[in-house]
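So this block is query.cif, mmCIF, C-alpha atoms:
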data_my_file
loop_
_atom_site.label_atom_id
_atom_site.label_comp_id
_atom_site.auth_asym_id
_atom_site.auth_seq_id
_atom_site.Cartn_x
_atom_site.Cartn_y
_atom_site.Cartn_z
CA MET A 1 -28.35 -86.57 103.63
CA TYR A 2 -31.17 -87.21 106.15
CA PHE A 3 -32.92 -83.93 105.28
CA ALA A 4 -32.67 -84.60 101.52
CA THR A 5 -34.04 -88.13 101.90
CA VAL A 6 -36.98 -86.95 104.00
CA LEU A 7 -37.73 -84.09 101.59
CA LEU A 8 -37.68 -86.44 98.60
CA LEU A 9 -39.87 -89.13 100.20
CA MET A 10 -42.35 -86.85 101.92
CA LEU A 11 -42.86 -84.12 99.32
CA VAL A 12 -40.96 -84.20 96.03
CA LEU A 13 -41.55 -87.79 94.91
CA PRO A 14 -45.24 -87.92 95.92
CA VAL A 15 -46.00 -84.61 94.15
CA VAL A 16 -44.07 -85.63 91.02
CA SER A 17 -45.86 -88.99 91.00
CA VAL A 18 -49.32 -87.38 91.37
CA ILE A 19 -48.62 -84.93 88.54
CA SER A 20 -47.03 -87.59 86.33
CA GLU A 21 -49.90 -90.04 86.66
CA ALA A 22 -52.48 -87.29 86.19
CA VAL A 23 -50.80 -85.92 83.06
CA PHE A 24 -49.24 -88.95 81.40
CA ALA A 25 -51.66 -91.70 82.42
CA GLY A 26 -54.70 -89.44 82.17
CA ASN A 27 -55.91 -90.33 85.65
CA ALA A 28 -58.14 -87.45 86.72
CA ASP A 29 -59.03 -88.83 90.17
CA LEU A 30 -56.87 -86.42 92.16
CA LEU A 31 -58.09 -87.73 95.53
CA PHE A 32 -57.05 -91.27 94.64
CA LEU A 33 -53.69 -90.09 93.30
CA VAL A 34 -52.87 -88.07 96.42
CA GLY A 35 -53.72 -91.05 98.63
CA ARG A 36 -51.88 -93.53 96.45
CA TRP A 37 -48.63 -91.64 96.09
CA PHE A 38 -48.35 -90.02 99.53
CA VAL A 39 -49.05 -93.41 101.10
CA PHE A 40 -46.56 -95.19 98.84
CA TRP A 41 -43.68 -92.72 99.23
CA GLY A 42 -44.41 -91.07 102.60
CA VAL A 43 -45.64 -94.08 104.54
CA GLY A 44 -44.34 -97.02 102.53
CA LEU A 45 -40.85 -96.23 101.39
CA ARG A 46 -40.03 -93.76 104.15
CA LEU A 47 -40.89 -96.23 106.90
CA LEU A 48 -39.33 -99.18 105.06
CA LEU A 49 -36.05 -97.27 104.76
CA ALA A 50 -36.27 -95.98 108.35
CA GLY A 51 -37.04 -99.48 109.62
CA LEU A 52 -34.13 -101.01 107.73
CA LYS A 53 -31.79 -98.31 109.09
CA GLN A 54 -33.08 -98.81 112.65
CA VAL A 55 -32.71 -102.58 112.52
CA ALA A 56 -29.28 -102.55 110.83
CA GLN A 57 -27.84 -99.43 112.49
CA PRO A 58 -29.84 -98.54 115.62
CA SER A 59 -27.14 -96.11 116.73
CA PHE A 60 -28.19 -93.59 114.04
CA THR A 61 -31.73 -93.16 115.36
CA ALA A 62 -30.66 -93.35 118.98
CA GLU A 63 -27.81 -90.86 118.66
CA LYS A 64 -28.64 -88.58 115.72
CA ILE A 65 -32.40 -88.26 116.27
CA PHE A 66 -32.82 -88.67 120.03
CA GLY A 67 -29.33 -87.86 121.33
CA VAL A 68 -29.09 -91.15 123.25
CA THR A 69 -25.62 -92.70 123.24
CA ASP A 70 -26.24 -95.60 125.64
CA GLU A 71 -26.02 -98.85 123.68
CA LYS A 72 -28.71 -100.32 125.94
CA ALA A 73 -31.22 -98.30 123.88
CA PHE A 74 -30.25 -100.01 120.62
CA PRO A 75 -32.52 -103.09 121.04
CA LEU A 76 -35.47 -100.72 121.64
CA VAL A 77 -34.62 -98.80 118.47
CA GLN A 78 -34.48 -102.10 116.57
CA GLU A 79 -37.95 -103.02 117.83
CA ILE A 80 -39.21 -99.62 116.67
CA GLY A 81 -37.59 -100.54 113.36
CA PHE A 82 -39.67 -103.74 113.18
CA GLY A 83 -42.83 -101.67 113.58
CA ASN A 84 -41.65 -99.22 110.92
CA LEU A 85 -40.88 -102.11 108.57
CA SER A 86 -44.38 -103.50 109.10
CA ILE A 87 -46.18 -100.20 108.49
CA GLY A 88 -43.83 -99.43 105.59
CA LEU A 89 -44.56 -102.76 103.95
CA LEU A 90 -48.31 -102.06 104.13
CA GLY A 91 -47.79 -98.61 102.60
CA ALA A 92 -45.54 -99.91 99.82
CA ALA A 93 -47.82 -102.85 99.03
CA SER A 94 -50.78 -100.49 98.70
CA LEU A 95 -49.35 -99.48 95.31
CA PHE A 96 -50.25 -102.99 94.11
CA GLN A 97 -53.39 -103.39 96.25
CA PRO A 98 -55.40 -100.16 95.88
CA ASN A 99 -57.85 -101.31 98.57
CA TRP A 100 -55.00 -101.02 101.07
CA VAL A 101 -54.44 -97.28 100.49
CA VAL A 102 -57.04 -96.17 103.04
CA PRO A 103 -55.93 -98.56 105.81
CA ALA A 104 -52.28 -97.63 105.20
CA ALA A 105 -53.21 -93.92 105.22
CA LEU A 106 -55.04 -94.35 108.53
CA VAL A 107 -52.16 -96.21 110.18
CA GLY A 108 -49.64 -93.74 108.76
CA CYS A 109 -51.70 -90.74 109.84
CA ILE A 110 -51.94 -91.99 113.41
CA PHE A 111 -48.30 -93.05 113.60
CA PHE A 112 -46.85 -89.87 112.13
CA GLY A 113 -49.28 -87.65 114.04
CA LEU A 114 -48.35 -89.16 117.38
CA ALA A 115 -44.63 -89.20 116.55
CA GLY A 116 -44.79 -85.56 115.44
CA LEU A 117 -46.56 -84.54 118.64
CA LYS A 118 -43.96 -86.39 120.70
CA HIS A 119 -41.15 -84.54 118.92
CA LEU A 120 -43.05 -81.28 119.42
CA THR A 121 -43.11 -81.77 123.20
CA GLN A 122 -39.34 -82.16 123.41
CA PRO A 123 -38.01 -78.98 125.06
CA SER A 124 -34.81 -79.05 123.02
CA ARG A 125 -34.57 -80.64 119.59
CA ASN A 126 -31.55 -81.13 117.40
CA ARG A 127 -31.76 -80.45 113.65
CA ASN A 128 -32.61 -84.05 112.73
CA GLU A 129 -35.37 -84.26 115.33
CA THR A 130 -36.80 -80.98 114.05
CA VAL A 131 -36.79 -82.38 110.49
CA ALA A 132 -38.50 -85.53 111.77
CA MET A 133 -41.07 -83.46 113.69
CA LEU A 134 -41.95 -81.22 110.73
CA SER A 135 -42.13 -84.08 108.25
CA ASP A 136 -44.16 -86.26 110.64
CA ILE A 137 -46.71 -83.51 111.26
CA GLY A 138 -46.79 -82.62 107.57
CA ILE A 139 -47.45 -86.13 106.26
CA SER A 140 -49.97 -86.74 109.04
CA ALA A 141 -51.86 -83.60 107.96
CA VAL A 142 -51.83 -84.63 104.28
CA LEU A 143 -53.08 -88.10 105.20
CA ALA A 144 -55.78 -86.70 107.53
CA ILE A 145 -57.05 -84.42 104.75
CA TYR A 146 -57.00 -87.33 102.30
CA LEU A 147 -58.91 -89.57 104.73
CA ALA A 148 -61.50 -86.87 105.48
CA ALA A 149 -62.02 -86.22 101.77
CA HIS A 150 -62.25 -89.96 101.11
CA VAL A 151 -64.89 -90.41 103.80
CA LEU A 152 -66.89 -87.40 102.58
CA THR A 153 -66.68 -88.52 98.96
CA PHE A 154 -67.87 -92.05 99.66
CA ALA A 155 -70.43 -91.05 102.32
CA ALA A 156 -72.35 -88.95 99.82
#
For this file, produce the structure as structure tokens.
Amino acid sequence: MYFATVLLLMLVLPVVSVISEAVFAGNADLLFLVGRWFVFWGVGLRLLLAGLKQVAQPSFTAEKIFGVTDEKAFPLVQEIGFGNLSIGLLGAASLFQPNWVVPAALVGCIFFGLAGLKHLTQPSRNRNETVAMLSDIGISAVLAIYLAAHVLTFAA
């Protein structure tokens, strides 16, 4: 279930949304569409859902992602969840405030890039942590490319 959710939010739904808006709404600004939909799905909804799960059920992240069974870690996971909720809310709200796409992309890029690198440095990863690592690095790369293209487009 975790793998399917991550795959949907980080790849399938953003790509379908970009294509749908380009074809059916006639929006030809591919750069804007990539930013809009990868930020909404990959940063917004992914982190909102992760944050809700971490706040309501901290044992999942502690045990299934990091392999920590000590309940003393649960309050820390919940605080991580508050941060994820905050970033996720910014990403989700950017769908309604287009000026927020770039700030949400920047925050998401930094967050996912650092999280992905942290997972990468773990000497032994379980399947869920490997999924988290790959998806974190992947969305960070997409957002970095979007931000670089955005800067180059508007700097010219």
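Neighbours of segment 23-32 of chain A closer than or equal to 8 Å, with all atoms listed in the file counted and sequence neighbours fewer than 3 positions away skipped, come out as Val18, Ile19, Ser20, Gly35, Arg36, Tyr146, Ala149 and His150 of chain A.
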| Evaluating the PyMOL selection byres ((chain A and resi 85-97) around 9) on the displayed file yields which residues, as a PyMOL selection string? | chain A and resi 36-37+39-52+80-84+98-105+107-108
| message | Can you spell out as a PyMOL selection string the set of residues that the PyMOL selection byres ((chain A and resi 2) around 12) selects in the structure I just provided? | response | chain A and resi 1+3-10+46+49-50+53+60-61+64-65+127-132+135
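A straight line drawn from atom CA of Met133 of chain A to atom CA of Glu21 of chain A is 29.2 Å long.
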With all atoms of segment 48-63 of chain A from the file as input, state the centre and edge lengths in Å to one decimal of the axis-aligned box that has 8 Å extra on each side, as lines of an AutoDock Vina configuration file.
center_x = -33.2
center_y = -96.7
center_z = 111.9
size_x = 28.2
size_y = 27.7
size_z = 30.2
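Atom CA of Pro14 of chain A is found 23.4 Å from atom CA of Gln54 of chain A.
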Expected file for segment 115-129 of chain A keeping all heavy atoms, as a CSV table (one decimal), in the first residue's frame:
chain,number,residue,atom,x,y,z
A,115,ALA,N,16.2,14.7,3.0
A,115,ALA,CA,15.7,13.5,3.5
A,115,ALA,C,16.2,12.3,2.7
A,115,ALA,O,16.6,11.2,3.2
A,115,ALA,CB,14.1,13.5,3.5
A,116,GLY,N,16.2,12.5,1.3
A,116,GLY,CA,16.7,11.4,0.5
A,116,GLY,C,18.2,11.1,0.7
A,116,GLY,O,18.6,9.9,0.8
A,117,LEU,N,19.0,12.2,0.9
A,117,LEU,CA,20.4,11.9,1.3
A,117,LEU,C,20.6,11.2,2.6
A,117,LEU,O,21.5,10.4,2.7
A,117,LEU,CB,21.2,13.3,1.3
A,117,LEU,CG,21.4,13.9,-0.1
A,117,LEU,CD1,22.0,15.3,0.0
A,117,LEU,CD2,22.2,13.0,-1.0
A,118,LYS,N,19.7,11.6,3.5
A,118,LYS,CA,19.8,10.9,4.9
A,118,LYS,C,19.5,9.4,4.7
A,118,LYS,O,20.2,8.6,5.3
A,118,LYS,CB,18.9,11.6,5.9
A,118,LYS,CG,18.9,11.0,7.2
A,118,LYS,CD,20.2,11.1,7.9
A,118,LYS,CE,20.2,10.4,9.2
A,118,LYS,NZ,21.5,10.1,9.7
A,119,HIS,N,18.4,9.1,3.9
A,119,HIS,CA,18.1,7.7,3.7
A,119,HIS,C,19.3,7.0,3.0
A,119,HIS,O,19.6,5.8,3.3
A,119,HIS,CB,16.9,7.5,2.9
A,119,HIS,CG,15.6,7.9,3.5
A,119,HIS,ND1,15.1,7.3,4.7
A,119,HIS,CD2,14.7,8.9,3.3
A,119,HIS,CE1,14.0,7.8,5.0
A,119,HIS,NE2,13.7,8.8,4.2
A,120,LEU,N,19.9,7.7,2.0
A,120,LEU,CA,21.0,7.1,1.3
A,120,LEU,C,22.2,6.7,2.1
A,120,LEU,O,22.9,5.8,1.9
A,120,LEU,CB,21.4,8.1,0.2
A,120,LEU,CG,22.5,7.7,-0.8
A,120,LEU,CD1,21.9,6.6,-1.7
A,120,LEU,CD2,22.9,8.9,-1.7
A,121,THR,N,22.4,7.5,3.2
A,121,THR,CA,23.6,7.2,4.1
A,121,THR,C,23.3,6.1,5.1
A,121,THR,O,24.2,5.7,5.8
A,121,THR,CB,24.0,8.5,4.9
A,121,THR,OG1,22.9,8.9,5.7
A,121,THR,CG2,24.3,9.6,3.9
A,122,GLN,N,22.1,5.6,5.1
A,122,GLN,CA,21.8,4.5,6.0
A,122,GLN,C,22.4,3.2,5.5
A,122,GLN,O,22.2,2.8,4.3
A,122,GLN,CB,20.3,4.3,6.2
A,122,GLN,CG,19.5,5.4,6.8
A,122,GLN,CD,20.1,5.7,8.2
A,122,GLN,OE1,20.7,6.7,8.4
A,122,GLN,NE2,19.7,4.8,9.2
A,123,PRO,N,23.3,2.5,6.3
A,123,PRO,CA,24.0,1.4,5.8
A,123,PRO,C,23.0,0.2,5.4
A,123,PRO,O,23.3,-0.5,4.5
A,123,PRO,CB,24.9,1.0,6.9
A,123,PRO,CG,24.4,1.7,8.1
A,123,PRO,CD,23.6,2.9,7.7
A,124,SER,N,21.9,0.1,6.1
A,124,SER,CA,21.0,-1.0,5.8
A,124,SER,C,19.6,-0.3,5.8
A,124,SER,O,19.2,0.3,6.8
A,124,SER,CB,21.0,-2.1,6.8
A,124,SER,OG,20.7,-1.7,8.1
A,125,ARG,N,18.9,-0.5,4.7
A,125,ARG,CA,17.5,0.1,4.5
A,125,ARG,C,16.5,-1.0,4.3
A,125,ARG,O,16.8,-2.0,3.6
A,125,ARG,CB,17.5,1.0,3.3
A,125,ARG,CG,18.2,2.3,3.5
A,125,ARG,CD,18.1,3.2,2.2
A,125,ARG,NE,18.7,2.6,1.1
A,125,ARG,CZ,20.0,2.7,0.8
A,125,ARG,NH1,20.8,3.3,1.6
A,125,ARG,NH2,20.5,2.1,-0.3
A,126,ASN,N,15.4,-0.9,4.9
A,126,ASN,CA,14.3,-1.8,4.6
A,126,ASN,C,13.6,-1.4,3.3
A,126,ASN,O,13.9,-0.3,2.8
A,126,ASN,CB,13.3,-2.0,5.8
A,126,ASN,CG,12.6,-0.7,6.2
A,126,ASN,OD1,12.3,0.2,5.3
A,126,ASN,ND2,12.3,-0.5,7.4
A,127,ARG,N,12.7,-2.1,2.9
A,127,ARG,CA,12.0,-1.8,1.6
A,127,ARG,C,11.3,-0.4,1.6
A,127,ARG,O,11.4,0.3,0.7
A,127,ARG,CB,10.9,-2.9,1.3
A,127,ARG,CG,10.2,-2.7,0.0
A,127,ARG,CD,9.3,-3.9,-0.3
A,127,ARG,NE,8.6,-3.7,-1.6
A,127,ARG,CZ,7.4,-3.2,-1.8
A,127,ARG,NH1,6.7,-2.8,-0.7
A,127,ARG,NH2,6.9,-3.1,-3.0
A,128,ASN,N,10.6,-0.1,2.7
A,128,ASN,CA,9.9,1.1,2.8
A,128,ASN,C,10.9,2.3,2.8
A,128,ASN,O,10.6,3.4,2.2
A,128,ASN,CB,9.0,1.2,4.0
A,128,ASN,CG,7.7,0.3,3.9
A,128,ASN,OD1,7.3,0.0,2.8
A,128,ASN,ND2,7.1,-0.1,5.0
A,129,GLU,N,12.0,2.2,3.5
A,129,GLU,CA,13.0,3.2,3.5
A,129,GLU,C,13.6,3.4,2.2
A,129,GLU,O,13.9,4.5,1.7
A,129,GLU,CB,14.0,3.0,4.6
A,129,GLU,CG,14.9,4.2,4.8
A,129,GLU,CD,15.8,4.1,6.0
A,129,GLU,OE1,16.0,3.0,6.6
A,129,GLU,OE2,16.4,5.2,6.3
